[in-house]
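*Asks:* The file below is start38.txt, compact mmCIF, C-alpha atoms:
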```txt
# COMPACT_ATOMS: atom_id res chain seq x y z
CA MET O 856 -2.14 19.64 -5.22
CA ARG O 857 1.14 21.36 -4.70
CA PHE O 858 3.00 18.06 -4.34
CA LEU O 859 3.18 16.10 -7.62
CA PRO O 860 0.24 17.73 -9.41
CA GLY O 861 -1.03 15.77 -12.41
CA ILE O 862 1.05 12.69 -11.60
CA TYR O 863 -0.51 9.25 -11.27
CA VAL O 864 0.33 7.70 -7.90
CA PHE O 865 -0.59 4.78 -5.70
CA PRO O 866 -2.87 5.50 -2.76
CA GLY O 867 -0.92 5.67 0.44
CA GLY O 868 0.15 7.68 3.41
CA ARG O 869 1.54 7.64 6.88
CA VAL O 870 0.91 5.05 9.57
CA GLU O 871 -1.32 6.47 12.30
CA ARG O 872 -1.22 5.41 15.94
CA THR O 873 -4.70 3.89 15.55
CA ASP O 874 -3.44 1.52 12.82
CA SER O 875 -1.58 -0.43 15.46
CA GLY O 876 -3.76 -2.98 17.19
CA ILE O 877 -6.84 -2.27 15.06
CA GLU O 878 -9.42 -5.06 14.93
CA LEU O 879 -8.68 -7.40 12.02
CA ALA O 880 -10.60 -10.22 10.39
CA HIS O 881 -7.25 -11.91 9.65
CA GLY O 882 -3.59 -10.97 10.02
CA LEU O 883 -0.83 -10.99 7.44
CA PRO O 884 0.10 -14.14 5.54
CA ALA O 885 3.10 -15.79 7.26
CA HIS O 886 5.51 -15.14 4.37
CA VAL O 887 4.56 -11.44 4.18
CA GLN O 888 4.88 -11.10 7.94
CA GLN O 889 8.33 -12.73 7.80
CA LYS O 890 9.57 -10.39 5.07
CA LEU O 891 8.40 -7.33 7.00
CA THR O 892 9.68 -8.40 10.42
CA ASN O 893 13.06 -9.74 9.28
CA GLY O 894 14.05 -6.74 7.22
CA ALA O 895 16.30 -3.89 8.22
CA PRO O 896 15.28 -2.27 10.40
CA ARG O 897 13.63 -5.21 12.14
CA LEU O 898 9.96 -4.55 12.74
CA SER O 899 7.74 -6.00 15.42
CA LEU O 900 4.71 -7.98 14.28
CA GLN O 901 2.54 -5.15 15.59
CA ARG O 902 4.41 -2.59 13.45
CA ALA O 903 4.31 -4.87 10.39
CA GLN O 904 0.54 -5.25 10.74
CA ALA O 905 0.19 -1.49 11.29
CA LEU O 906 1.96 -0.86 7.95
CA ALA O 907 -0.46 -3.18 6.16
CA ALA O 908 -3.48 -1.78 8.00
CA ALA O 909 -2.42 1.75 7.07
CA ALA O 910 -2.28 0.70 3.40
CA ILE O 911 -5.85 -0.60 3.64
CA ARG O 912 -7.10 2.49 5.49
CA GLU O 913 -5.40 4.90 3.08
CA THR O 914 -6.80 3.00 0.10
CA ALA O 915 -10.32 3.43 1.48
CA GLU O 916 -9.79 7.10 2.30
CA GLU O 917 -8.40 7.96 -1.11
CA THR O 918 -10.31 5.62 -3.41
CA GLY O 919 -13.47 4.51 -1.61
CA LEU O 920 -12.39 0.85 -1.90
CA PHE O 921 -12.70 -1.05 1.40
CA LEU O 922 -10.49 -4.15 1.59
CA GLY O 923 -11.71 -6.63 4.16
CA VAL O 924 -14.62 -8.91 4.94
CA ARG O 925 -18.23 -8.07 5.62
CA GLY O 926 -19.05 -8.16 9.30
CA GLU O 927 -19.70 -6.18 12.43
CA TRP O 928 -16.88 -4.85 14.57
CA LYS O 929 -16.60 -6.46 17.99
CA ARG O 930 -15.10 -3.42 19.66
CA ARG O 931 -17.41 -0.69 20.83
CA ARG O 932 -14.84 2.11 20.53
CA ILE O 933 -13.70 2.50 16.96
CA PRO O 934 -11.06 5.14 16.18
CA PRO O 935 -12.39 7.95 13.97
CA SER O 936 -9.89 7.09 11.23
CA TRP O 937 -11.52 3.63 10.99
CA SER O 938 -15.17 4.66 11.42
CA ALA O 939 -15.84 4.48 7.66
CA PHE O 940 -15.00 0.76 7.77
CA ALA O 941 -17.47 0.21 10.61
CA GLY O 942 -20.03 2.28 8.71
CA GLU O 943 -19.62 0.00 5.69
CA SER O 944 -19.72 -3.12 7.94
CA VAL O 945 -16.25 -4.10 6.74
CA VAL O 946 -13.58 -5.52 9.06
CA PRO O 947 -10.09 -5.00 7.60
CA ASP O 948 -8.43 -8.20 6.42
CA LEU O 949 -4.68 -8.37 5.86
CA SER O 950 -4.64 -11.98 4.63
CA GLY O 951 -5.11 -11.05 0.97
CA LEU O 952 -2.19 -8.62 0.84
CA ALA O 953 0.98 -9.32 -1.09
CA LEU O 954 4.15 -7.35 -0.40
CA ILE O 955 5.35 -6.13 -3.79
CA ALA O 956 8.34 -3.96 -2.90
CA ARG O 957 10.00 -1.58 -0.50
CA ALA O 958 11.55 1.71 -1.61
CA VAL O 959 13.43 4.50 0.14
CA THR O 960 13.67 7.82 -1.67
CA PRO O 961 17.09 9.43 -2.21
CA THR O 962 18.52 11.92 0.27
CA GLY O 963 18.20 15.60 -0.55
CA LEU O 964 14.54 15.53 -1.59
CA PRO O 965 12.07 17.86 0.17
CA ARG O 966 9.88 14.84 1.04
CA ARG O 967 11.39 11.45 1.77
CA TYR O 968 9.68 8.10 2.16
CA ASP O 969 10.47 4.61 3.35
CA THR O 970 7.56 2.86 1.68
CA ARG O 971 6.23 -0.67 1.49
CA PHE O 972 4.03 -1.38 -1.54
CA PHE O 973 1.19 -3.87 -1.09
CA ALA O 974 -1.26 -5.27 -3.63
CA ALA O 975 -4.45 -7.26 -3.33
CA ASP O 976 -6.75 -9.03 -5.74
CA ALA O 977 -9.88 -7.03 -6.59
CA ALA O 978 -11.87 -9.83 -4.92
CA SER O 979 -10.56 -8.45 -1.59
CA VAL O 980 -12.73 -5.36 -2.04
CA ALA O 981 -15.67 -5.90 0.33
CA ALA O 982 -17.36 -2.53 -0.27
CA ARG O 983 -17.12 0.40 -2.62
CA GLY O 984 -17.82 3.76 -1.08
CA GLU O 985 -18.06 6.99 -2.94
CA LEU O 986 -14.88 8.30 -4.51
CA PRO O 987 -13.81 11.30 -2.44
CA ALA O 988 -14.18 14.25 -4.81
CA GLY O 989 -13.85 17.99 -4.72
CA PRO O 990 -11.06 20.47 -4.15
CA ASP O 991 -9.82 18.73 -0.99
CA ALA O 992 -9.68 15.23 -2.51
CA GLU O 993 -6.20 13.80 -2.96
CA LEU O 994 -7.05 11.99 -6.20
CA ASP O 995 -9.13 13.21 -9.09
CA ASP O 996 -8.95 10.26 -11.48
CA LEU O 997 -9.52 6.73 -10.23
CA ARG O 998 -9.92 3.84 -12.63
CA TRP O 999 -8.84 0.28 -13.33
CA LEU O 1000 -6.12 0.14 -15.98
CA THR O 1001 -4.59 -2.51 -18.16
CA ARG O 1002 -0.85 -2.99 -18.22
CA GLU O 1003 -0.69 -1.32 -21.63
CA GLU O 1004 -2.66 1.71 -20.43
CA THR O 1005 -0.09 2.37 -17.70
CA ASP O 1006 2.51 3.02 -20.41
CA GLU O 1007 0.65 6.21 -21.36
CA LEU O 1008 0.46 7.66 -17.83
CA ASP O 1009 2.56 10.44 -16.35
CA LEU O 1010 4.37 8.49 -13.61
CA LEU O 1011 7.38 8.99 -11.42
CA PRO O 1012 10.21 6.63 -12.39
CA ILE O 1013 9.88 4.66 -9.11
CA THR O 1014 6.13 4.22 -9.71
CA ARG O 1015 6.88 2.70 -13.12
CA VAL O 1016 9.48 0.39 -11.54
CA ILE O 1017 6.98 -0.76 -8.88
CA LEU O 1018 4.31 -1.35 -11.53
CA GLU O 1019 6.73 -3.61 -13.42
CA GLU O 1020 7.39 -5.52 -10.19
CA LEU O 1021 3.63 -5.85 -9.70
CA PHE O 1022 3.15 -7.18 -13.23
CA ARG O 1023 5.93 -9.74 -12.72
CA ARG O 1024 4.37 -10.78 -9.41
CA ILE O 1025 0.93 -11.20 -10.99
CA GLU O 1026 2.41 -13.39 -13.74
CA ALA O 1027 4.23 -15.54 -11.16
CA GLY O 1028 1.20 -15.82 -8.87
CA ILE O 1029 0.63 -12.85 -6.63
CA SER O 1030 0.10 -14.85 -3.43
CA ARG O 1031 3.31 -16.90 -3.80
CA ASP O 1032 6.22 -16.39 -1.43
CA LEU O 1033 8.69 -14.70 -3.77
CA PRO O 1034 11.66 -12.42 -3.07
CA VAL O 1035 10.62 -8.82 -2.51
CA PRO O 1036 12.74 -6.10 -4.12
CA PHE O 1037 14.12 -3.30 -1.96
CA PHE O 1038 14.98 -0.14 -3.92
CA ARG O 1039 17.29 2.45 -2.42
CA PHE O 1040 19.82 4.94 -3.62
CA ARG O 1041 23.57 4.78 -3.10
CA ALA O 1042 25.96 7.31 -4.63
CA GLY O 1043 23.10 8.75 -6.69
CA ARG O 1044 22.16 5.44 -8.30
CA MET O 1045 19.16 3.27 -7.64
CA ARG O 1046 20.09 -0.12 -6.23
CA ARG O 1047 17.86 -3.20 -6.17
CA ASP O 1048 18.33 -5.67 -3.35
CA GLU O 1049 15.98 -8.44 -2.25
CA ILE O 1050 14.25 -9.06 1.04
```
Please lay out the structure from this file as structure tokens.
*Replies:*
Amino acid sequence: MRFLPGIYVFPGGRVERTDSGIELAHGLPAHVQQKLTNGAPRLSLQRAQALAAAAIRETAEETGLFLGVRGEWKRRRIPPSWSAFAGESVVPDLSGLALIARAVTPTGLPRRYDTRFFAADAASVAARGELPAGPDAELDDLRWLTREETDELDLLPITRVILEELFRRIEAGISRDLPVPFFRFRAGRMRRDEI
């Protein structure tokens, strides 16, 4: 890829219109919902759930891992971007997601992001599709890694920071209601606040 070739990244992408109001097995845990809706800018519950749903959809698209519960969709009309979930008989489930961090990239970059990072226990994977492969695939190396193995990867500095937050969260109990770090840049320096 032209953007960040050879760099290890988290799966992710943009929220699509169809992520809002998508059929869900369960919504966000109350503490995750609260952290998303009470932040700045304030988000509606619908937007907060769309962010989490987009994370689940993008994870499936890029890795073949479908987070949710086994079951049939109740709706007859399923948006094309969610048809793979229906094909796998998986209804997305937000209840197993933990909010790990939020980060906004510095000004002046060619691509900027205001990103929320979610994590889920591997038990939340209801189906494993095929890893998208070939010249059009966004990822070309997908594997489970130990904490020590991540030290050897070519990562962006913010990715390494988020991984450390994830490791701390796992040690403290990933589903616990803990402060969520918010990383942003002021005067060229990264600042860490809490949500």
*Asks:* Which is closer to Ala974 of chain O than all the others in O:His881, O:Arg1002, O:Arg1024, O:Arg1041, using only C-alpha atoms?
*Replies:* O:Arg1024
*Asks:* When distances are computed from all atoms listed in the file, which of O:Gly1043, O:Gly926, O:Pro1034, O:Pro934 shows the smallest separation from Leu891 of chain O?
*Replies:*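 Comparing O:Gly1043, O:Gly926, O:Pro1034, O:Pro934 against Leu891 of chain O, the winner is O:Pro1034.
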*Asks:* To one decimal place in Å, what is the distance between atom CA of Glu1004 of chain O and atom CA of Asp948 of chain O?
*Replies:*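 These atoms are spaced 29.2 Å apart.
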*Asks:* Quick one: residues within 7 Å of segment 901-918 of chain O, all atoms listed in the file counted, chain neighbours fewer than 6 positions away excluded, as a PyMOL selection string?
*Replies:* chain O and resi 866-868+870+874-876+883+888+891-892+949+986-987+993-994+997
*Asks:* What's around Asp1006 of chain O at 12 Å? Count all atoms listed in the file, leave out sequence neighbours fewer than 6 positions away in its own chain, and write the answer as a compact mmCIF listing (two decimals) with C-alpha atoms, keeping the file's coordinate frame.
*Replies:*
```txt
# COMPACT_ATOMS: atom_id res chain seq x y z
CA TYR O 863 -0.51 9.25 -11.27
CA LEU O 1000 -6.12 0.14 -15.98
CA PRO O 1012 10.21 6.63 -12.39
CA THR O 1014 6.13 4.22 -9.71
CA ARG O 1015 6.88 2.70 -13.12
CA VAL O 1016 9.48 0.39 -11.54
CA LEU O 1018 4.31 -1.35 -11.53
CA GLU O 1019 6.73 -3.61 -13.42
```
*Asks:* So which residues touch Phe921 of chain O within 9 Å, counting all atoms listed in the file, skipping near sequence neighbours fewer than 5 positions away, as a VMD selection string?
*Replies:* chain O and resid 911 to 912 914 to 916 939 to 940 943 945 to 947 979 to 984
*Asks:* For the selection you just gave me, I'd like the residues written to a file as a PDB file, in the frame of the given file, keeping C-alpha atoms.
*Replies:*
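selection15.pdb, written as the output of this step:
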```
ATOM      1  CA  ILE O 911      -5.850  -0.600   3.640  1.00  0.00           C
ATOM      2  CA  ARG O 912      -7.100   2.490   5.490  1.00  0.00           C
ATOM      3  CA  THR O 914      -6.800   3.000   0.100  1.00  0.00           C
ATOM      4  CA  ALA O 915     -10.320   3.430   1.480  1.00  0.00           C
ATOM      5  CA  GLU O 916      -9.790   7.100   2.300  1.00  0.00           C
ATOM      6  CA  ALA O 939     -15.840   4.480   7.660  1.00  0.00           C
ATOM      7  CA  PHE O 940     -15.000   0.760   7.770  1.00  0.00           C
ATOM      8  CA  GLU O 943     -19.620   0.000   5.690  1.00  0.00           C
ATOM      9  CA  VAL O 945     -16.250  -4.100   6.740  1.00  0.00           C
ATOM     10  CA  VAL O 946     -13.580  -5.520   9.060  1.00  0.00           C
ATOM     11  CA  PRO O 947     -10.090  -5.000   7.600  1.00  0.00           C
ATOM     12  CA  SER O 979     -10.560  -8.450  -1.590  1.00  0.00           C
ATOM     13  CA  VAL O 980     -12.730  -5.360  -2.040  1.00  0.00           C
ATOM     14  CA  ALA O 981     -15.670  -5.900   0.330  1.00  0.00           C
ATOM     15  CA  ALA O 982     -17.360  -2.530  -0.270  1.00  0.00           C
ATOM     16  CA  ARG O 983     -17.120   0.400  -2.620  1.00  0.00           C
ATOM     17  CA  GLY O 984     -17.820   3.760  -1.080  1.00  0.00           C
TER      18      GLY O 984
END
```
*Asks:* What does the structure give for the distance between atom CA of Val924 of chain O and atom CA of Leu879 of chain O, in Å to one decimal?
*Replies:*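 That distance, rounded to one decimal, is 9.4 Å.
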*Asks:* Can you work out the spacing between atom CA of Gly951 of chain O and atom CA of Met1045 of chain O in Å, to one decimal?
*Replies:*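 So the answer is 29.5 Å.
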*Asks:* Give me segment 998-1010 of chain O with N, CA and C atoms filled in, as an mmCIF file, in the coordinates of the input.
*Replies:*
```
data_model
loop_
_atom_site.group_PDB
_atom_site.id
_atom_site.type_symbol
_atom_site.label_atom_id
_atom_site.label_comp_id
_atom_site.auth_asym_id
_atom_site.auth_seq_id
_atom_site.Cartn_x
_atom_site.Cartn_y
_atom_site.Cartn_z
ATOM 1 N N ARG O 998 -9.386 4.815 -11.685
ATOM 2 C CA ARG O 998 -9.920 3.840 -12.630
ATOM 3 C C ARG O 998 -9.021 2.611 -12.677
ATOM 4 N N TRP O 999 -9.613 1.501 -13.123
ATOM 5 C CA TRP O 999 -8.840 0.280 -13.330
ATOM 6 C C TRP O 999 -8.156 0.401 -14.683
ATOM 7 N N LEU O 1000 -6.895 0.014 -14.753
ATOM 8 C CA LEU O 1000 -6.120 0.140 -15.980
ATOM 9 C C LEU O 1000 -5.511 -1.188 -16.371
ATOM 10 N N THR O 1001 -5.339 -1.358 -17.668
ATOM 11 C CA THR O 1001 -4.590 -2.510 -18.160
ATOM 12 C C THR O 1001 -3.103 -2.181 -18.080
ATOM 13 N N ARG O 1002 -2.303 -3.194 -18.214
ATOM 14 C CA ARG O 1002 -0.850 -2.990 -18.220
ATOM 15 C C ARG O 1002 -0.449 -2.017 -19.326
ATOM 16 N N GLU O 1003 -1.031 -2.183 -20.491
ATOM 17 C CA GLU O 1003 -0.690 -1.320 -21.630
ATOM 18 C C GLU O 1003 -1.088 0.122 -21.371
ATOM 19 N N GLU O 1004 -2.207 0.343 -20.702
ATOM 20 C CA GLU O 1004 -2.660 1.710 -20.430
ATOM 21 C C GLU O 1004 -1.707 2.441 -19.474
ATOM 22 N N THR O 1005 -1.017 1.710 -18.621
ATOM 23 C CA THR O 1005 -0.090 2.370 -17.700
ATOM 24 C C THR O 1005 1.103 2.978 -18.438
ATOM 25 N N ASP O 1006 1.400 2.473 -19.636
ATOM 26 C CA ASP O 1006 2.510 3.020 -20.410
ATOM 27 C C ASP O 1006 2.267 4.469 -20.827
ATOM 28 N N GLU O 1007 1.010 4.864 -20.897
ATOM 29 C CA GLU O 1007 0.650 6.210 -21.360
ATOM 30 C C GLU O 1007 0.531 7.219 -20.220
ATOM 31 N N LEU O 1008 0.676 6.779 -18.975
ATOM 32 C CA LEU O 1008 0.460 7.660 -17.830
ATOM 33 C C LEU O 1008 1.703 8.465 -17.478
ATOM 34 N N ASP O 1009 1.476 9.626 -16.874
ATOM 35 C CA ASP O 1009 2.560 10.440 -16.350
ATOM 36 C C ASP O 1009 2.887 9.908 -14.962
ATOM 37 N N LEU O 1010 3.984 9.167 -14.852
ATOM 38 C CA LEU O 1010 4.370 8.490 -13.610
ATOM 39 C C LEU O 1010 5.776 8.904 -13.200
#
```
